[in-house]
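This is entry-v4.cif (mmCIF, C-alpha atoms).
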data_my_file
loop_
_atom_site.group_PDB
_atom_site.id
_atom_site.type_symbol
_atom_site.label_atom_id
_atom_site.label_comp_id
_atom_site.auth_asym_id
_atom_site.auth_seq_id
_atom_site.Cartn_x
_atom_site.Cartn_y
_atom_site.Cartn_z
ATOM 1 C CA MET A 89 -33.386 42.534 -4.609
ATOM 2 C CA ARG A 90 -33.854 39.482 -2.426
ATOM 3 C CA VAL A 91 -31.757 36.354 -3.178
ATOM 4 C CA PRO A 92 -33.524 33.005 -2.636
ATOM 5 C CA LYS A 93 -32.118 30.837 0.171
ATOM 6 C CA THR A 94 -31.662 27.846 -2.113
ATOM 7 C CA PHE A 95 -29.393 29.912 -4.346
ATOM 8 C CA LEU A 96 -27.236 30.853 -1.331
ATOM 9 C CA TYR A 97 -27.056 27.207 -0.226
ATOM 10 C CA ILE A 98 -25.926 26.168 -3.686
ATOM 11 C CA LEU A 99 -23.178 28.785 -3.590
ATOM 12 C CA LEU A 100 -22.025 27.799 -0.086
ATOM 13 C CA LEU A 101 -21.991 24.010 -0.575
ATOM 14 C CA PRO A 102 -18.758 23.859 -2.621
ATOM 15 C CA ILE A 103 -17.004 26.086 -0.061
ATOM 16 C CA LEU A 104 -18.199 23.913 2.795
ATOM 17 C CA PHE A 105 -17.091 20.659 1.146
ATOM 18 C CA SER A 106 -13.745 22.016 -0.016
ATOM 19 C CA ALA A 107 -12.979 23.191 3.503
ATOM 20 C CA CYS A 108 -13.600 19.687 4.833
ATOM 21 C CA LYS A 109 -11.425 18.122 2.139
ATOM 22 C CA SER A 110 -8.382 20.314 2.805
ATOM 23 C CA ARG A 111 -8.442 19.900 6.584
ATOM 24 C CA LYS A 112 -5.112 18.690 7.941
ATOM 25 C CA HIS A 113 -5.119 16.181 10.750
ATOM 26 C CA VAL A 114 -3.563 17.258 14.031
ATOM 27 C CA LEU A 115 -1.336 15.192 16.300
ATOM 28 C CA LYS A 116 -3.411 13.838 19.164
ATOM 29 C CA GLY A 117 -2.130 12.629 22.488
ATOM 30 C CA GLU A 118 1.307 13.177 23.946
ATOM 31 C CA PRO A 119 4.701 12.056 22.589
ATOM 32 C CA GLY A 120 5.116 8.350 23.265
ATOM 33 C CA GLU A 121 1.371 7.767 23.468
ATOM 34 C CA ILE A 122 -0.262 5.451 20.931
ATOM 35 C CA VAL A 123 -3.530 6.932 19.647
ATOM 36 C CA GLN A 124 -5.897 5.588 17.021
ATOM 37 C CA PRO A 125 -5.364 7.135 13.583
ATOM 38 C CA ALA A 126 -8.135 8.876 11.678
ATOM 39 C CA ALA A 127 -9.808 6.501 9.215
ATOM 40 C CA SER A 128 -8.471 8.452 6.238
ATOM 41 C CA ILE A 129 -4.900 8.180 7.579
ATOM 42 C CA SER A 130 -5.068 4.425 8.225
ATOM 43 C CA GLN A 131 -6.669 3.863 4.828
ATOM 44 C CA LYS A 132 -4.063 5.965 3.001
ATOM 45 C CA TYR A 133 -0.995 4.381 4.615
ATOM 46 C CA SER A 134 -2.321 0.821 4.598
ATOM 47 C CA THR A 135 -2.819 1.184 0.847
ATOM 48 C CA MET A 136 0.623 2.757 0.332
ATOM 49 C CA MET A 137 2.429 0.067 2.317
ATOM 50 C CA GLY A 138 0.302 -2.936 1.396
ATOM 51 C CA VAL A 139 -0.827 -3.788 4.920
ATOM 52 C CA ASP A 140 -4.206 -4.240 6.556
ATOM 53 C CA GLU A 141 -5.730 -1.036 7.967
ATOM 54 C CA SER A 142 -5.630 -2.536 11.457
ATOM 55 C CA GLN A 143 -1.803 -2.551 11.243
ATOM 56 C CA ILE A 144 -1.756 1.250 11.037
ATOM 57 C CA SER A 145 -2.204 1.634 14.771
ATOM 58 C CA ASN A 146 0.082 4.538 15.713
ATOM 59 C CA GLY A 147 -2.043 7.522 14.722
ATOM 60 C CA ARG A 148 0.509 9.971 16.062
ATOM 61 C CA LEU A 149 3.252 8.546 13.801
ATOM 62 C CA TYR A 150 1.240 8.419 10.600
ATOM 63 C CA THR A 151 -0.397 11.798 11.174
ATOM 64 C CA PHE A 152 3.076 13.294 11.697
ATOM 65 C CA ILE A 153 4.288 11.707 8.453
ATOM 66 C CA ASP A 154 1.191 12.914 6.621
ATOM 67 C CA GLN A 155 1.828 16.485 7.771
ATOM 68 C CA TRP A 156 5.378 16.360 6.358
ATOM 69 C CA LEU A 157 4.860 14.185 3.256
ATOM 70 C CA GLY A 158 6.190 15.998 0.179
ATOM 71 C CA THR A 159 8.031 18.687 2.164
ATOM 72 C CA PRO A 160 11.100 19.534 0.058
ATOM 73 C CA TYR A 161 14.633 18.598 1.056
ATOM 74 C CA ARG A 162 16.891 21.405 2.243
ATOM 75 C CA PHE A 163 20.283 20.719 3.795
ATOM 76 C CA GLY A 164 20.226 22.038 7.371
ATOM 77 C CA GLY A 165 16.491 22.709 7.116
ATOM 78 C CA LEU A 166 14.158 22.046 9.997
ATOM 79 C CA ASP A 167 10.775 23.380 8.893
ATOM 80 C CA LYS A 168 8.071 22.977 6.245
ATOM 81 C CA ASP A 169 10.037 25.170 3.813
ATOM 82 C CA GLY A 170 12.635 22.397 3.683
ATOM 83 C CA ILE A 171 14.118 19.741 5.912
ATOM 84 C CA ASP A 172 17.044 17.342 5.746
ATOM 85 C CA CYS A 173 17.093 13.671 6.710
ATOM 86 C CA SER A 174 18.563 14.042 10.194
ATOM 87 C CA GLY A 175 16.266 16.953 10.985
ATOM 88 C CA PHE A 176 13.241 14.912 9.961
ATOM 89 C CA ALA A 177 14.369 11.923 12.065
ATOM 90 C CA LEU A 178 15.014 14.257 15.006
ATOM 91 C CA LEU A 179 11.552 15.858 14.831
ATOM 92 C CA LEU A 180 9.763 12.555 14.257
ATOM 93 C CA GLU A 181 11.434 10.829 17.209
ATOM 94 C CA GLN A 182 10.859 13.873 19.418
ATOM 95 C CA GLN A 183 7.237 14.608 18.533
ATOM 96 C CA VAL A 184 5.995 11.043 18.047
ATOM 97 C CA TYR A 185 7.983 9.081 20.639
ATOM 98 C CA GLY A 186 9.270 11.769 23.015
ATOM 99 C CA ILE A 187 12.875 10.759 22.282
ATOM 100 C CA ASN A 188 15.605 13.368 21.884
ATOM 101 C CA LEU A 189 18.187 12.723 19.187
ATOM 102 C CA PRO A 190 21.365 14.559 18.241
ATOM 103 C CA ARG A 191 20.932 16.838 15.213
ATOM 104 C CA MET A 192 23.432 15.239 12.809
ATOM 105 C CA THR A 193 23.232 11.788 11.194
ATOM 106 C CA SER A 194 26.825 11.010 12.204
ATOM 107 C CA GLN A 195 25.799 11.590 15.835
ATOM 108 C CA GLN A 196 22.426 9.837 15.565
ATOM 109 C CA VAL A 197 24.114 6.571 14.596
ATOM 110 C CA THR A 198 25.968 6.607 17.926
ATOM 111 C CA VAL A 199 22.751 6.459 19.995
ATOM 112 C CA ILE A 200 21.273 3.263 18.555
ATOM 113 C CA LYS A 201 21.388 -0.338 19.653
ATOM 114 C CA ARG A 202 22.227 -2.211 16.473
ATOM 115 C CA LYS A 203 19.762 -4.718 15.075
ATOM 116 C CA TYR A 204 19.504 -7.078 12.151
ATOM 117 C CA GLU A 205 17.114 -5.950 9.430
ATOM 118 C CA GLU A 206 14.677 -8.746 10.326
ATOM 119 C CA GLN A 207 14.401 -7.275 13.835
ATOM 120 C CA LEU A 208 13.397 -3.772 12.746
ATOM 121 C CA GLN A 209 10.370 -2.271 14.425
ATOM 122 C CA GLU A 210 8.357 0.866 13.828
ATOM 123 C CA GLY A 211 10.401 3.929 14.857
ATOM 124 C CA ASP A 212 13.844 2.345 14.458
ATOM 125 C CA LEU A 213 16.501 4.311 12.600
ATOM 126 C CA VAL A 214 17.947 3.093 9.298
ATOM 127 C CA PHE A 215 21.270 4.485 8.021
ATOM 128 C CA PHE A 216 22.733 4.671 4.533
ATOM 129 C CA ASP A 217 26.156 5.510 3.064
ATOM 130 C CA PHE A 218 25.605 7.859 0.119
ATOM 131 C CA ASP A 219 28.392 9.488 -1.911
ATOM 132 C CA GLY A 220 30.974 7.213 -0.280
ATOM 133 C CA LYS A 221 30.348 8.843 3.109
ATOM 134 C CA LYS A 222 29.669 6.578 6.084
ATOM 135 C CA PHE A 223 26.284 7.170 7.729
ATOM 136 C CA SER A 224 25.432 10.145 5.528
ATOM 137 C CA HIS A 225 21.667 9.499 5.424
ATOM 138 C CA VAL A 226 18.997 8.378 7.890
ATOM 139 C CA GLY A 227 15.388 7.269 7.664
ATOM 140 C CA VAL A 228 12.832 5.892 10.089
ATOM 141 C CA TYR A 229 11.520 2.353 9.711
ATOM 142 C CA LEU A 230 7.745 1.928 9.546
ATOM 143 C CA GLN A 231 6.647 -1.618 8.726
ATOM 144 C CA ASN A 232 6.417 -4.093 5.865
ATOM 145 C CA ASP A 233 9.896 -3.027 4.649
ATOM 146 C CA TYR A 234 8.953 0.691 4.386
ATOM 147 C CA VAL A 235 11.098 3.602 5.523
ATOM 148 C CA VAL A 236 10.143 7.277 5.648
ATOM 149 C CA HIS A 237 12.977 9.678 4.830
ATOM 150 C CA ALA A 238 13.890 13.028 3.291
ATOM 151 C CA SER A 239 14.857 12.402 -0.324
ATOM 152 C CA THR A 240 17.037 15.090 -1.890
ATOM 153 C CA LYS A 241 14.897 14.950 -5.057
ATOM 154 C CA LYS A 242 11.381 14.206 -3.792
ATOM 155 C CA GLY A 243 11.385 15.492 -0.212
ATOM 156 C CA ILE A 244 9.696 13.528 2.559
ATOM 157 C CA MET A 245 8.570 10.201 1.145
ATOM 158 C CA LEU A 246 8.117 6.499 1.817
ATOM 159 C CA VAL A 247 10.391 3.968 0.147
ATOM 160 C CA LYS A 248 10.958 0.231 0.407
ATOM 161 C CA LEU A 249 14.153 -0.539 2.331
ATOM 162 C CA HIS A 250 14.916 -3.333 -0.130
ATOM 163 C CA ASP A 251 14.341 -1.153 -3.176
ATOM 164 C CA PRO A 252 17.578 -1.781 -5.131
ATOM 165 C CA ALA A 253 18.233 1.956 -5.530
ATOM 166 C CA MET A 254 18.210 2.406 -1.730
ATOM 167 C CA TYR A 255 19.352 -0.946 -0.430
ATOM 168 C CA LYS A 256 22.734 -0.856 -2.132
ATOM 169 C CA TYR A 257 23.560 2.059 0.201
ATOM 170 C CA PHE A 258 22.118 0.455 3.363
ATOM 171 C CA SER A 259 24.623 0.523 6.202
ATOM 172 C CA ARG A 260 23.181 0.023 9.675
ATOM 173 C CA CYS A 261 19.956 0.025 11.642
ATOM 174 C CA GLY A 262 18.779 -0.063 15.221
ATOM 175 C CA SER A 263 16.564 1.272 17.936
ATOM 176 C CA VAL A 264 17.321 4.475 19.794
ATOM 177 C CA VAL A 265 18.826 3.824 23.212
ATOM 178 C CA SER A 266 17.006 5.785 25.918
ATOM 179 C CA GLU A 267 19.093 8.214 27.908
#
Output the file's structure as structure tokens, nothing else.
Amino acid sequence: MRVPKTFLYILLLPILFSACKSRKHVLKGEPGEIVQPAASISQKYSTMMGVDESQISNGRLYTFIDQWLGTPYRFGGLDKDGIDCSGFALLLEQQVYGINLPRMTSQQVTVIKRKYEEQLQEGDLVFFDFDGKKFSHVGVYLQNDYVVHASTKKGIMLVKLHDPAMYKYFSRCGSVVSE
């Protein structure tokens, strides 16, 4: 029995389109290099953060975030099965900017040049004091008051720095001092 070609095309079309839809973006360029983001990345993050698409200019940063978004929190974790806040900051700084950080939040805070909140720039570290512990949590500043971090309940996510639930724990911020 011979199957008509049009029937085969109809069967293959959904597979072809679903494969395109699920494709993950890959990091382009080298750490520290600014590369243009894919249109879908700039559109997604400009919408999430309420900025113009042209302001999403660091494709390496936003592609990295997109690859990790939703990854669950796991204390001491450093992979897609689970990651903690300091591990996420470490990997982001290393793979996006080519900057090596210490592994623990309490050590990461010692390698920053302090800034006022109004001076924050993309890639700066933002520290919080949760559970009465000084510098117990870290996130990475993006823009327009947004921080990406590893939430214990929701995993890797974006949050407004001045969100009352986060800001009451805000402690310190700054840029990483090069070695």
(request) Considering all atoms listed in the file, return as a ChimeraX atom specification whatever protein or nucleic-acid residues lie within 9 Å of region 124-127 of chain A, sequence-local ones (same chain, fewer than 5 positions apart) excluded. (result) /A:113,116,132,141,144-151
Spell out the residues picked by the PyMOL selection byres ((chain A and resi 179-185) around 10) here, as a JSON list (two decimals) with C-alpha atoms, in the frame of the given file.
[["chain", "number", "residue", "atom", "x", "y", "z"],
["A", 115, "LEU", "CA", -1.34, 15.19, 16.30],
["A", 116, "LYS", "CA", -3.41, 13.84, 19.16],
["A", 117, "GLY", "CA", -2.13, 12.63, 22.49],
["A", 118, "GLU", "CA", 1.31, 13.18, 23.95],
["A", 119, "PRO", "CA", 4.70, 12.06, 22.59],
["A", 120, "GLY", "CA", 5.12, 8.35, 23.26],
["A", 121, "GLU", "CA", 1.37, 7.77, 23.47],
["A", 122, "ILE", "CA", -0.26, 5.45, 20.93],
["A", 146, "ASN", "CA", 0.08, 4.54, 15.71],
["A", 147, "GLY", "CA", -2.04, 7.52, 14.72],
["A", 148, "ARG", "CA", 0.51, 9.97, 16.06],
["A", 149, "LEU", "CA", 3.25, 8.55, 13.80],
["A", 150, "TYR", "CA", 1.24, 8.42, 10.60],
["A", 151, "THR", "CA", -0.40, 11.80, 11.17],
["A", 152, "PHE", "CA", 3.08, 13.29, 11.70],
["A", 153, "ILE", "CA", 4.29, 11.71, 8.45],
["A", 156, "TRP", "CA", 5.38, 16.36, 6.36],
["A", 166, "LEU", "CA", 14.16, 22.05, 10.00],
["A", 167, "ASP", "CA", 10.78, 23.38, 8.89],
["A", 174, "SER", "CA", 18.56, 14.04, 10.19],
["A", 175, "GLY", "CA", 16.27, 16.95, 10.98],
["A", 176, "PHE", "CA", 13.24, 14.91, 9.96],
["A", 177, "ALA", "CA", 14.37, 11.92, 12.06],
["A", 178, "LEU", "CA", 15.01, 14.26, 15.01],
["A", 186, "GLY", "CA", 9.27, 11.77, 23.02],
["A", 187, "ILE", "CA", 12.88, 10.76, 22.28],
["A", 188, "ASN", "CA", 15.60, 13.37, 21.88],
["A", 189, "LEU", "CA", 18.19, 12.72, 19.19],
["A", 191, "ARG", "CA", 20.93, 16.84, 15.21],
["A", 211, "GLY", "CA", 10.40, 3.93, 14.86],
["A", 212, "ASP", "CA", 13.84, 2.35, 14.46],
["A", 213, "LEU", "CA", 16.50, 4.31, 12.60],
["A", 228, "VAL", "CA", 12.83, 5.89, 10.09],
["A", 264, "VAL", "CA", 17.32, 4.47, 19.79]]
(message) Given only C-alpha atoms as the basis, pick out the residue of A:Val197, A:Met192, A:Leu157, A:Met245 nearest to Ser263 (chain A).
(response) A:Val197
(message) Excluding Arg202 (chain A) and its own-chain neighbours fewer than 4 positions away, which residues fall within 8 Å of it when counting only C-alpha atoms? Please give them as a PyMOL selection string.
(response) chain A and resi 260-263
(request) Counting only C-alpha atoms, figure out which residue out of A:His237, A:Phe258, A:Gln143, A:Ser134 gets nearest to Tyr204 (chain A). (result)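 So, comparing all the options, the nearest one is A:Phe258.
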(message) Between CA of Tyr133 (chain A) and CA of Ile244 (chain A), what is the distance in Å, rounded to a tenth?
(response)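 So the answer is 14.2 Å.
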(request) Could you state which residues are captured by the PyMOL selection byres ((chain A and resi 218) around 10) in this file, as a PyMOL selection string? (result) chain A and resi 215-217+219-225+254+256-259
Write a file of the selected residues as an mmCIF file, keeping the file's coordinate frame, keeping C-alpha atoms.
data_model
loop_
_atom_site.group_PDB
_atom_site.id
_atom_site.type_symbol
_atom_site.label_atom_id
_atom_site.label_comp_id
_atom_site.auth_asym_id
_atom_site.auth_seq_id
_atom_site.Cartn_x
_atom_site.Cartn_y
_atom_site.Cartn_z
ATOM 1 C CA PHE A 215 21.270 4.485 8.021
ATOM 2 C CA PHE A 216 22.733 4.671 4.533
ATOM 3 C CA ASP A 217 26.156 5.510 3.064
ATOM 4 C CA ASP A 219 28.392 9.488 -1.911
ATOM 5 C CA GLY A 220 30.974 7.213 -0.280
ATOM 6 C CA LYS A 221 30.348 8.843 3.109
ATOM 7 C CA LYS A 222 29.669 6.578 6.084
ATOM 8 C CA PHE A 223 26.284 7.170 7.729
ATOM 9 C CA SER A 224 25.432 10.145 5.528
ATOM 10 C CA HIS A 225 21.667 9.499 5.424
ATOM 11 C CA MET A 254 18.210 2.406 -1.730
ATOM 12 C CA LYS A 256 22.734 -0.856 -2.132
ATOM 13 C CA TYR A 257 23.560 2.059 0.201
ATOM 14 C CA PHE A 258 22.118 0.455 3.363
ATOM 15 C CA SER A 259 24.623 0.523 6.202
#
(request) Would you work out the distance separating CA of Ser194 (chain A) from CA of Leu246 (chain A), expressed in Å to one decimal? (result) 21.9 Å
Put a box with edges along x, y and z around all the listed atoms of region 170-174 of chain A, pad it by 4 Å on each side, then give me its centre and sizes in Å, one decimal, as AutoDock Vina command-line options.
--center_x 15.6 --center_y 18.0 --center_z 6.9 --size_x 13.9 --size_y 16.7 --size_z 14.5
